[in-house]
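Note: the block below is structure_6.txt and it holds compact mmCIF, C-alpha atoms and all ligand atoms.
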```
# COMPACT_ATOMS: atom_id res chain seq x y z
CA MET P 13 24.61 -13.62 11.43
CA ALA P 14 21.56 -13.70 9.13
CA LYS P 15 21.67 -11.44 6.10
CA ILE P 16 19.81 -8.12 5.99
CA GLY P 17 16.56 -8.66 4.11
CA THR P 18 16.04 -12.23 5.30
CA ASP P 19 12.32 -12.62 5.92
CA LEU P 20 11.07 -13.47 9.40
CA ASN P 21 9.77 -16.93 8.49
CA ARG P 22 13.09 -18.00 6.97
CA PHE P 23 14.97 -16.52 9.94
CA ILE P 24 12.82 -18.47 12.43
CA LEU P 25 13.29 -21.70 10.43
CA GLU P 26 17.08 -21.16 10.32
CA GLU P 27 17.06 -20.60 14.10
CA GLU P 28 15.03 -23.80 14.55
CA ARG P 29 17.57 -25.79 12.52
CA LYS P 30 20.26 -24.81 15.05
CA HIS P 31 18.38 -26.92 17.62
CA PRO P 32 18.25 -30.63 16.59
CA GLU P 33 15.69 -31.29 19.30
CA ALA P 34 13.34 -28.65 17.89
CA THR P 35 9.95 -29.97 16.83
CA GLY P 36 8.96 -26.91 14.77
CA SER P 37 6.34 -25.97 17.36
CA LEU P 38 7.95 -22.63 18.23
CA THR P 39 8.29 -21.83 14.53
CA ILE P 40 4.55 -22.32 14.01
CA ALA P 41 3.86 -20.36 17.21
CA LEU P 42 5.93 -17.35 16.12
CA THR P 43 4.46 -17.48 12.62
CA ALA P 44 0.97 -17.21 14.15
CA ILE P 45 2.04 -14.10 16.05
CA GLU P 46 3.50 -12.68 12.83
CA SER P 47 0.24 -13.23 10.92
CA ALA P 48 -1.89 -11.72 13.69
CA THR P 49 0.29 -8.62 14.04
CA LYS P 50 0.27 -7.99 10.28
CA ILE P 51 -3.53 -7.87 10.43
CA ILE P 52 -3.44 -5.66 13.53
CA ALA P 53 -1.02 -3.33 11.72
CA SER P 54 -3.49 -2.93 8.84
CA HIS P 55 -6.27 -1.99 11.30
CA VAL P 56 -4.01 0.40 13.22
CA ARG P 57 -3.07 2.13 9.95
CA MET P 58 -6.80 2.57 9.17
CA ALA P 59 -7.56 3.95 12.67
CA GLY P 60 -6.92 7.51 11.55
CA LEU P 61 -9.64 7.13 8.94
CA ALA P 62 -12.09 5.76 11.52
CA ASP P 63 -14.03 8.97 12.05
CA ILE P 64 -14.18 9.65 8.34
CA LEU P 65 -15.39 6.11 7.60
CA GLY P 66 -17.63 6.04 10.68
CA GLN P 67 -15.75 3.11 12.25
CA ALA P 68 -13.58 2.30 15.28
CA GLY P 69 -15.83 2.47 18.27
CA LYS P 70 -18.67 4.11 16.40
CA THR P 71 -21.43 2.68 14.22
CA ASN P 72 -20.22 1.85 10.75
CA ILE P 73 -22.06 2.33 7.48
CA GLN P 74 -23.80 -1.03 7.96
CA GLY P 75 -25.09 0.24 11.29
CA GLU P 76 -22.88 -2.26 13.19
CA GLU P 77 -20.98 -1.27 16.32
CA VAL P 78 -17.29 -1.32 15.33
CA GLN P 79 -14.91 -2.58 18.02
CA LYS P 80 -12.22 -0.55 19.73
CA LEU P 81 -8.81 -1.39 18.32
CA ASP P 82 -7.44 -2.96 21.49
CA GLU P 83 -10.46 -5.30 21.75
CA LEU P 84 -10.18 -6.12 18.03
CA SER P 85 -6.42 -6.72 18.38
CA ASN P 86 -7.09 -9.04 21.30
CA GLU P 87 -9.58 -11.07 19.27
CA ILE P 88 -7.25 -11.29 16.26
CA LEU P 89 -4.43 -12.61 18.47
CA ILE P 90 -6.69 -15.09 20.29
CA LYS P 91 -7.91 -16.48 16.94
CA HIS P 92 -4.45 -16.89 15.38
CA LEU P 93 -2.77 -18.20 18.54
CA SER P 94 -5.60 -20.67 19.18
CA ASP P 95 -5.73 -21.86 15.55
CA SER P 96 -1.95 -22.42 15.58
CA GLY P 97 -2.49 -25.28 18.06
CA GLN P 98 0.87 -24.43 19.69
CA PHE P 99 -0.40 -22.77 22.87
CA TYR P 100 -1.94 -24.61 25.82
CA ALA P 101 -3.10 -21.35 27.38
CA LEU P 102 -3.36 -17.65 26.49
CA ALA P 103 -3.23 -14.77 29.02
CA SER P 104 -4.09 -11.29 27.81
CA GLU P 105 -4.11 -7.81 29.34
CA GLU P 106 -7.68 -7.67 28.03
CA LEU P 107 -8.85 -10.88 29.77
CA ASP P 108 -9.36 -11.37 33.52
CA GLU P 109 -8.66 -15.10 33.23
CA PRO P 110 -6.51 -17.18 30.84
CA ILE P 111 -8.20 -19.14 28.06
CA TYR P 112 -7.33 -22.72 27.10
CA PRO P 113 -7.87 -23.24 23.34
CA PRO P 114 -9.10 -26.80 22.55
CA GLN P 115 -6.67 -26.83 19.59
CA GLY P 116 -3.78 -26.47 22.08
CA ALA P 117 -4.74 -29.27 24.49
CA ASP P 118 -1.42 -31.07 23.78
CA ALA P 119 0.66 -27.94 23.19
CA ASN P 120 3.98 -27.23 24.94
CA TYR P 121 3.78 -23.44 25.34
CA VAL P 122 1.77 -20.77 27.10
CA ILE P 123 1.73 -17.11 26.00
CA ALA P 124 0.99 -13.84 27.80
CA PHE P 125 0.43 -10.73 25.72
CA ASP P 126 -0.67 -7.12 25.70
CA PRO P 127 -2.53 -6.94 22.39
CA LEU P 128 -2.25 -3.18 21.91
CA ASP P 129 -0.23 -1.41 24.57
CA GLY P 130 -0.52 2.36 24.65
CA SER P 131 -3.86 2.23 22.80
CA SER P 132 -4.96 5.42 24.59
CA ASN P 133 -2.52 7.16 22.21
CA ILE P 134 -4.25 6.05 18.99
CA ASP P 135 -6.29 9.23 18.65
CA VAL P 136 -3.14 11.34 18.71
CA ASN P 137 -1.35 9.11 16.22
CA VAL P 138 1.41 8.04 18.61
CA SER P 139 3.23 4.72 18.09
CA ILE P 140 1.63 1.78 19.91
CA GLY P 141 2.52 -1.89 20.09
CA THR P 142 1.84 -5.55 20.77
CA ILE P 143 4.01 -7.25 23.44
CA PHE P 144 4.27 -11.02 24.01
CA SER P 145 6.04 -13.50 26.28
CA ILE P 146 6.21 -17.27 25.71
CA HIS P 147 6.90 -19.84 28.47
CA ARG P 148 7.02 -23.63 28.44
CA ARG P 149 3.98 -25.53 29.67
CA ILE P 150 4.99 -27.23 32.92
CA LYS P 151 1.94 -28.34 34.89
CA GLY P 152 -0.87 -27.49 32.52
CA THR P 153 -2.35 -25.05 35.03
CA GLU P 154 -2.44 -21.29 35.46
CA GLU P 155 0.83 -21.62 37.38
CA ASP P 156 2.60 -22.09 34.04
CA PHE P 157 2.27 -18.30 33.63
CA LEU P 158 3.94 -17.68 37.01
CA GLN P 159 7.48 -18.61 35.96
CA GLU P 160 10.42 -16.26 36.40
CA GLY P 161 11.22 -14.16 33.35
CA PHE P 162 14.61 -15.80 32.83
CA LYS P 163 12.72 -18.99 31.88
CA GLN P 164 11.04 -17.34 28.87
CA VAL P 165 11.37 -19.30 25.63
CA ALA P 166 10.78 -16.23 23.48
CA ALA P 167 9.65 -12.62 23.86
CA GLY P 168 9.03 -9.78 21.49
CA TYR P 169 7.05 -6.76 20.49
CA VAL P 170 5.64 -5.27 17.32
CA ILE P 171 5.75 -1.47 17.18
CA TYR P 172 3.19 0.20 14.93
CA GLY P 173 5.14 3.39 14.31
CA SER P 174 6.49 5.27 11.28
CA SER P 175 7.18 1.72 10.13
CA THR P 176 5.95 -1.56 11.58
CA MET P 177 8.76 -3.47 13.28
CA PHE P 178 8.84 -6.94 14.84
CA VAL P 179 11.58 -7.20 17.50
CA LEU P 180 12.23 -10.75 18.70
CA THR P 181 14.45 -12.76 21.01
CA THR P 182 14.44 -16.53 21.48
CA GLY P 183 17.30 -16.33 23.99
CA ASN P 184 20.03 -16.03 21.35
CA GLY P 185 20.26 -12.28 20.87
CA VAL P 186 17.76 -9.75 19.52
CA ASN P 187 16.77 -9.19 15.90
CA GLY P 188 14.51 -6.54 14.35
CA PHE P 189 12.33 -7.05 11.27
CA THR P 190 10.64 -4.23 9.36
CA LEU P 191 7.36 -4.84 7.53
CA ASP P 192 7.54 -4.28 3.78
CA PRO P 193 3.85 -3.52 3.17
CA SER P 194 4.24 -3.97 -0.59
CA VAL P 195 4.87 -7.69 -0.12
CA GLY P 196 3.41 -8.11 3.41
CA MET P 197 6.66 -9.58 4.80
CA PHE P 198 8.76 -8.71 7.85
CA LEU P 199 12.34 -8.38 6.55
CA LEU P 200 15.47 -8.43 8.74
CA SER P 201 16.50 -4.77 9.07
CA HIS P 202 18.25 -4.75 12.47
CA PRO P 203 20.35 -7.93 12.88
CA ASP P 204 21.85 -8.76 16.29
CA MET P 205 20.60 -5.59 18.07
CA LYS P 206 22.81 -4.35 20.92
CA ILE P 207 21.87 -1.54 23.32
CA PRO P 208 24.62 1.11 23.71
CA GLU P 209 26.63 0.77 26.96
CA LYS P 210 25.32 4.24 27.88
CA GLY P 211 22.97 6.79 26.38
CA LYS P 212 22.04 10.44 26.72
CA ILE P 213 18.28 10.09 27.29
CA TYR P 214 16.19 9.37 30.37
CA SER P 215 12.54 8.40 29.87
CA ILE P 216 10.52 8.71 33.10
CA ASN P 217 7.26 10.57 33.72
CA GLU P 218 8.56 13.25 36.10
CA ALA P 219 5.01 14.57 36.64
CA ASN P 220 4.68 11.74 39.17
CA ALA P 221 7.93 12.63 41.01
CA LYS P 222 6.20 14.04 44.11
CA LYS P 223 4.29 10.74 44.47
CA TRP P 224 7.27 8.39 43.99
CA THR P 225 7.79 6.09 46.97
CA GLU P 226 11.56 6.08 46.29
CA PRO P 227 12.64 9.76 46.54
CA LYS P 228 16.27 8.94 45.62
CA ILE P 229 15.13 8.64 42.00
CA ILE P 230 14.74 12.43 41.99
CA ASP P 231 18.41 12.87 42.98
CA TYR P 232 19.39 10.34 40.29
CA ILE P 233 17.54 12.29 37.60
CA GLU P 234 19.09 15.57 38.76
CA THR P 235 22.52 13.92 38.36
CA LEU P 236 21.64 12.84 34.82
CA LYS P 237 20.56 16.42 34.05
CA ASP P 238 23.95 17.66 35.39
CA GLU P 239 25.61 15.09 33.09
CA GLY P 240 23.83 16.66 30.12
CA TYR P 241 21.07 14.09 29.51
CA THR P 242 17.87 15.04 27.71
CA THR P 243 14.42 13.61 28.34
CA ARG P 244 12.08 11.81 25.96
CA TYR P 245 8.79 10.36 27.24
CA ILE P 246 6.17 9.20 24.72
CA GLY P 247 3.84 7.52 27.21
CA SER P 248 3.66 4.37 25.08
CA MET P 249 5.90 1.68 26.59
CA VAL P 250 6.72 -0.06 23.32
CA ALA P 251 7.82 3.24 21.74
CA ASP P 252 9.84 4.34 24.79
CA VAL P 253 11.53 0.94 25.16
CA HIS P 254 12.23 0.67 21.40
CA ARG P 255 13.96 4.06 21.43
CA THR P 256 15.92 3.04 24.55
CA LEU P 257 17.02 -0.21 22.86
CA ILE P 258 18.32 1.70 19.84
CA LYS P 259 19.66 4.91 21.45
CA GLY P 260 20.53 3.67 24.94
CA GLY P 261 19.73 5.45 28.22
CA ILE P 262 17.00 4.51 30.70
CA PHE P 263 13.24 3.98 30.65
CA GLY P 264 11.46 3.79 33.98
CA TYR P 265 8.06 3.64 35.62
CA PRO P 266 8.61 3.87 39.41
CA ALA P 267 6.12 2.88 42.10
CA ASP P 268 4.18 5.81 43.53
CA ARG P 269 1.59 6.42 46.21
CA LYS P 270 -1.18 5.81 43.64
CA ASN P 271 0.41 2.79 41.91
CA THR P 272 2.19 1.27 44.93
CA SER P 273 3.52 -1.64 42.82
CA GLY P 274 4.08 0.54 39.77
CA LYS P 275 1.73 0.78 36.79
CA LEU P 276 3.24 -1.63 34.29
CA ARG P 277 2.39 -5.33 34.28
CA LEU P 278 5.09 -7.91 34.98
CA LEU P 279 4.02 -10.83 32.79
CA TYR P 280 3.27 -9.10 29.48
CA GLU P 281 5.08 -5.75 29.70
CA ALA P 282 8.08 -5.71 32.06
CA SER P 283 9.24 -9.33 31.72
CA PRO P 284 9.29 -9.61 27.89
CA MET P 285 10.88 -6.15 27.58
CA ALA P 286 13.46 -7.08 30.23
CA PHE P 287 14.32 -10.28 28.32
CA ILE P 288 14.85 -8.27 25.12
CA ILE P 289 16.90 -5.53 26.79
CA GLU P 290 19.13 -8.04 28.65
CA GLN P 291 19.58 -10.13 25.50
CA ALA P 292 20.74 -6.90 23.81
CA GLY P 293 23.32 -6.30 26.58
CA GLY P 294 21.32 -4.03 28.88
CA LYS P 295 19.76 -4.44 32.34
CA ALA P 296 16.26 -4.42 33.83
CA THR P 297 15.35 -4.07 37.50
CA ASP P 298 12.43 -3.19 39.76
CA GLY P 299 14.88 -1.10 41.81
CA LYS P 300 15.93 -4.02 43.99
CA THR P 301 15.70 -7.24 41.96
CA ASP P 302 16.37 -8.15 38.33
CA ILE P 303 13.00 -8.15 36.59
CA LEU P 304 13.81 -11.59 35.14
CA SER P 305 14.33 -13.05 38.62
CA ILE P 306 10.94 -12.02 40.01
CA LYS P 307 8.64 -15.00 40.73
CA PRO P 308 5.15 -13.83 39.73
CA THR P 309 2.22 -14.57 42.03
CA ASP P 310 -0.57 -13.17 39.86
CA ILE P 311 -1.03 -13.00 36.09
CA HIS P 312 -1.87 -9.30 36.13
CA GLN P 313 0.53 -8.18 38.84
CA ARG P 314 2.27 -4.83 38.42
CA THR P 315 5.91 -3.96 39.08
CA PRO P 316 8.15 -0.92 39.11
CA VAL P 317 10.39 -1.06 36.01
CA PHE P 318 13.77 0.48 35.18
CA LEU P 319 15.45 -0.82 32.03
CA GLY P 320 18.12 0.30 29.60
CA SER P 321 21.88 0.66 29.26
CA LYS P 322 24.11 -0.88 31.92
CA LYS P 323 25.64 2.49 32.89
CA GLU P 324 22.37 4.18 33.70
CA ILE P 325 20.83 1.18 35.48
CA ASN P 326 23.94 0.53 37.61
CA GLN P 327 24.11 4.25 38.44
CA LEU P 328 20.42 4.19 39.51
CA LEU P 329 21.00 1.12 41.69
CA GLU P 330 23.89 2.94 43.41
CA PHE P 331 21.49 5.75 44.29
CA ILE P 332 18.70 3.48 45.48
CA ARG P 333 20.95 1.11 47.40
P1 LIG T 401 1.64 7.38 32.21
C1 LIG T 401 0.15 3.22 28.29
O1 LIG T 401 -1.09 3.58 28.87
C2 LIG T 401 0.98 2.54 29.38
O2 LIG T 401 0.37 1.37 29.81
C3 LIG T 401 2.38 2.25 28.84
O3 LIG T 401 2.38 1.93 27.49
C4 LIG T 401 3.12 3.55 29.13
O4 LIG T 401 4.51 3.33 29.32
C5 LIG T 401 2.47 4.01 30.44
O5 LIG T 401 1.16 3.43 30.47
C6 LIG T 401 2.34 5.51 30.48
O6 LIG T 401 1.79 5.83 31.77
O7 LIG T 401 1.10 7.30 33.62
O8 LIG T 401 3.05 7.98 32.20
O9 LIG T 401 0.73 8.02 31.23
```
Since I need it in another form, could you write the structure as structure tokens?
Ligand code: P6P
Amino acid sequence: MAKIGTDLNRFILEEERKHPEATGSLTIALTAIESATKIIASHVRMAGLADILGQAGKTNIQGEEVQKLDELSNEILIKHLSDSGQFYALASEELDEPIYPPQGADANYVIAFDPLDGSSNIDVNVSIGTIFSIHRRIKGTEEDFLQEGFKQVAAGYVIYGSSTMFVLTTGNGVNGFTLDPSVGMFLLSHPDMKIPEKGKIYSINEANAKKWTEPKIIDYIETLKDEGYTTRYIGSMVADVHRTLIKGGIFGYPADRKNTSGKLRLLYEASPMAFIIEQAGGKATDGKTDILSIKPTDIHQRTPVFLGSKKEINQLLEFIR
């Protein structure tokens, strides 16, 4: 196991050296994500000052329209991922269609990302995050994004919270790196992360309960309440999933009569988070199928999501089945 304090770049290089066939491409790819998210973090930290400095969605002192943070984050990621030359195609929550950077014409990977998930929470200073999912290029068409989640090469998120953390899996466990702003480096703070077998928290927006298309979820939650669980729901997926990874329990966003396929996106929210949670020893399902087994049909498709500790997920599946 890597030593606490190892920086992310060194960790990625040491991981690469475990694979003789590695070309270094994934290392460069992940380093590009690291650079982009450090810049995003600096903008997110400034967001609170936006009104004071007349920025962030308003006209700044030069009289220029300043972009919304999620649009800015999207542009920062597109620039760094394109310039890395390691991605044949980029799919973003902010873009209707994928883009194919000329620098990545011969690249072996495609990446889907949510540049700033939960951005509606910025004005109330709630943790938000960047989520990404990397697949191998197969055909060199949009279909390369429509691979099952278990085929992911790497997945991760960066949570811009009380500290900025980069949580990453390349299919060999989960490791968490905390940004040391004094040196601008992500340092290994949470080696080999494992989700507790069970928790004491459920994280589901019960305000939607009367609209849920699977009423048995209500009975399941009542059982958890009888078992002494408490509820925590931040309304920012990265924050709710990060807490679930560390404390255990369950996070869920069921389908309802308004969002008949659920609200969360499969490719760049549910699938990367499911890969991380399963790599940490947990489970992720849409209520019937493992999230990682779902064959996507559309880049922006939505799915119901339930992820977390094995105990809570298996118990839920007993109720639903
Ligand atoms: P609701 C944020 O808008 C988001 O996309 C996720 O980050 C979060 O988990 C979910 O929506 C919250 O949705 O309907 O409970 O506010």
- [ ] Could you give me, as a list in words, the residues within 7 Å of region 183-192 of chain P, counting only C-alpha atoms and dropping anything in the same chain fewer than 6 positions from it?
- [x]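 Using only C-alpha atoms, the neighbours found are Leu20, Val165, Ala166, Ser175, Thr176, Met177, Phe198, Leu199, Leu200, Ser201, His202, Pro203, Asp204, Met205, Ile288, Gln291 and Ala292 of chain P.
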- [ ] Considering all atoms listed in the file, return as a VMD selection string whatever protein or nucleic-acid residues lie within 6 Å of region 217-227 of chain P, sequence-local ones (same chain, fewer than 2 positions apart) excluded.
- [x] chain P and resid 229 to 230 267 to 269
- [ ] Using CA of Tyr232 (chain P) and CA of Lys307 (chain P) as the two end points, give the distance in Å to one decimal.
- [x]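 Computed distance, CA of Tyr232 (chain P) to CA of Lys307 (chain P), equals 27.5 Å.
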Open item on the list: If I take CA of Asp126 (chain P) and CA of Lys322 (chain P), how far is one from the other in Å, to one decimal?
Closed with: 26.3 Å
Task: Contacts to ligand LIG 401 (chain T) at 7 Å cut-off (all atoms listed in the file) as a PyMOL selection string - done: chain P and resi 129-132+217+247-250+275-276
Task: Distance of CA of Lys212 (chain P) from CA of Thr315 (chain P), expressed in Å to one decimal place - done: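 Interatomic distance, CA of Thr315 (chain P) to CA of Lys212 (chain P): 24.9 Å.
With distances restricted to only C-alpha atoms, P:Asp118 is the closest residue to Ser37 (chain P) from P:Glu290, P:Asp302, P:Asp238, P:Asp118.
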Mind listing as a PDB file with C-alpha atoms, in the coordinates of the input all residues within 7 Å of (8.4, -19.6, 27.5), counting all atoms listed in the file?
```pdb
ATOM      1  CA  TYR P 121       3.780 -23.440  25.340  1.00  0.00           C
ATOM      2  CA  VAL P 122       1.770 -20.770  27.100  1.00  0.00           C
ATOM      3  CA  SER P 145       6.040 -13.500  26.280  1.00  0.00           C
ATOM      4  CA  ILE P 146       6.210 -17.270  25.710  1.00  0.00           C
ATOM      5  CA  HIS P 147       6.900 -19.840  28.470  1.00  0.00           C
ATOM      6  CA  ARG P 148       7.020 -23.630  28.440  1.00  0.00           C
ATOM      7  CA  LYS P 163      12.720 -18.990  31.880  1.00  0.00           C
ATOM      8  CA  GLN P 164      11.040 -17.340  28.870  1.00  0.00           C
ATOM      9  CA  VAL P 165      11.370 -19.300  25.630  1.00  0.00           C
ATOM     10  CA  ALA P 166      10.780 -16.230  23.480  1.00  0.00           C
TER      11      ALA P 166
END
```
Open item on the list: Restricting the calculation to only C-alpha atoms: of P:Ser139, P:Gln313, P:Thr297, P:Thr43, which residue gets closest to Asn326 (chain P)?
Closed with: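 Between P:Ser139, P:Gln313, P:Thr297, P:Thr43, the residue approaching Asn326 (chain P) most closely is P:Thr297.
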Open item on the list: If we count all atoms listed in the file and set the cut-off at 12 Å, which residues sit around Tyr172 (chain P), ignoring sequence neighbours fewer than 3 positions away in its own chain? Please answer as a ChimeraX atom specification.
Closed with: /P:49-59,127-131,133-134,137-143,169,175-179,190-191,248,250-251,254
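With all atoms listed in the file as the atoms that count, the minimum distance from Lys237 (chain P) to the choices P:Ile90, P:Ile258, P:Ile213, P:Ala101 is reached by P:Ile213.
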TODO: Take the point (1.1, -10.5, 31.5) in the file's coordinates, draw a sphere of radius 10 Å around it, and report as a ChimeraX atom specification every protein, DNA or RNA residue with an atom inside or on it, counting only C-alpha atoms.
DONE: /P:102-106,123-126,143-145,157-158,276-284,308,310-314
Report the centre and edge lengths, in Å to one decimal, of an axis-aligned box enclosing every atom of region 129-141 of chain P listed in the file, padded by 4 Å on each side, as lines of an AutoDock Vina configuration file.
```
center_x = -1.5
center_y = 4.7
center_z = 20.4
size_x = 17.5
size_y = 21.2
size_z = 16.4
```
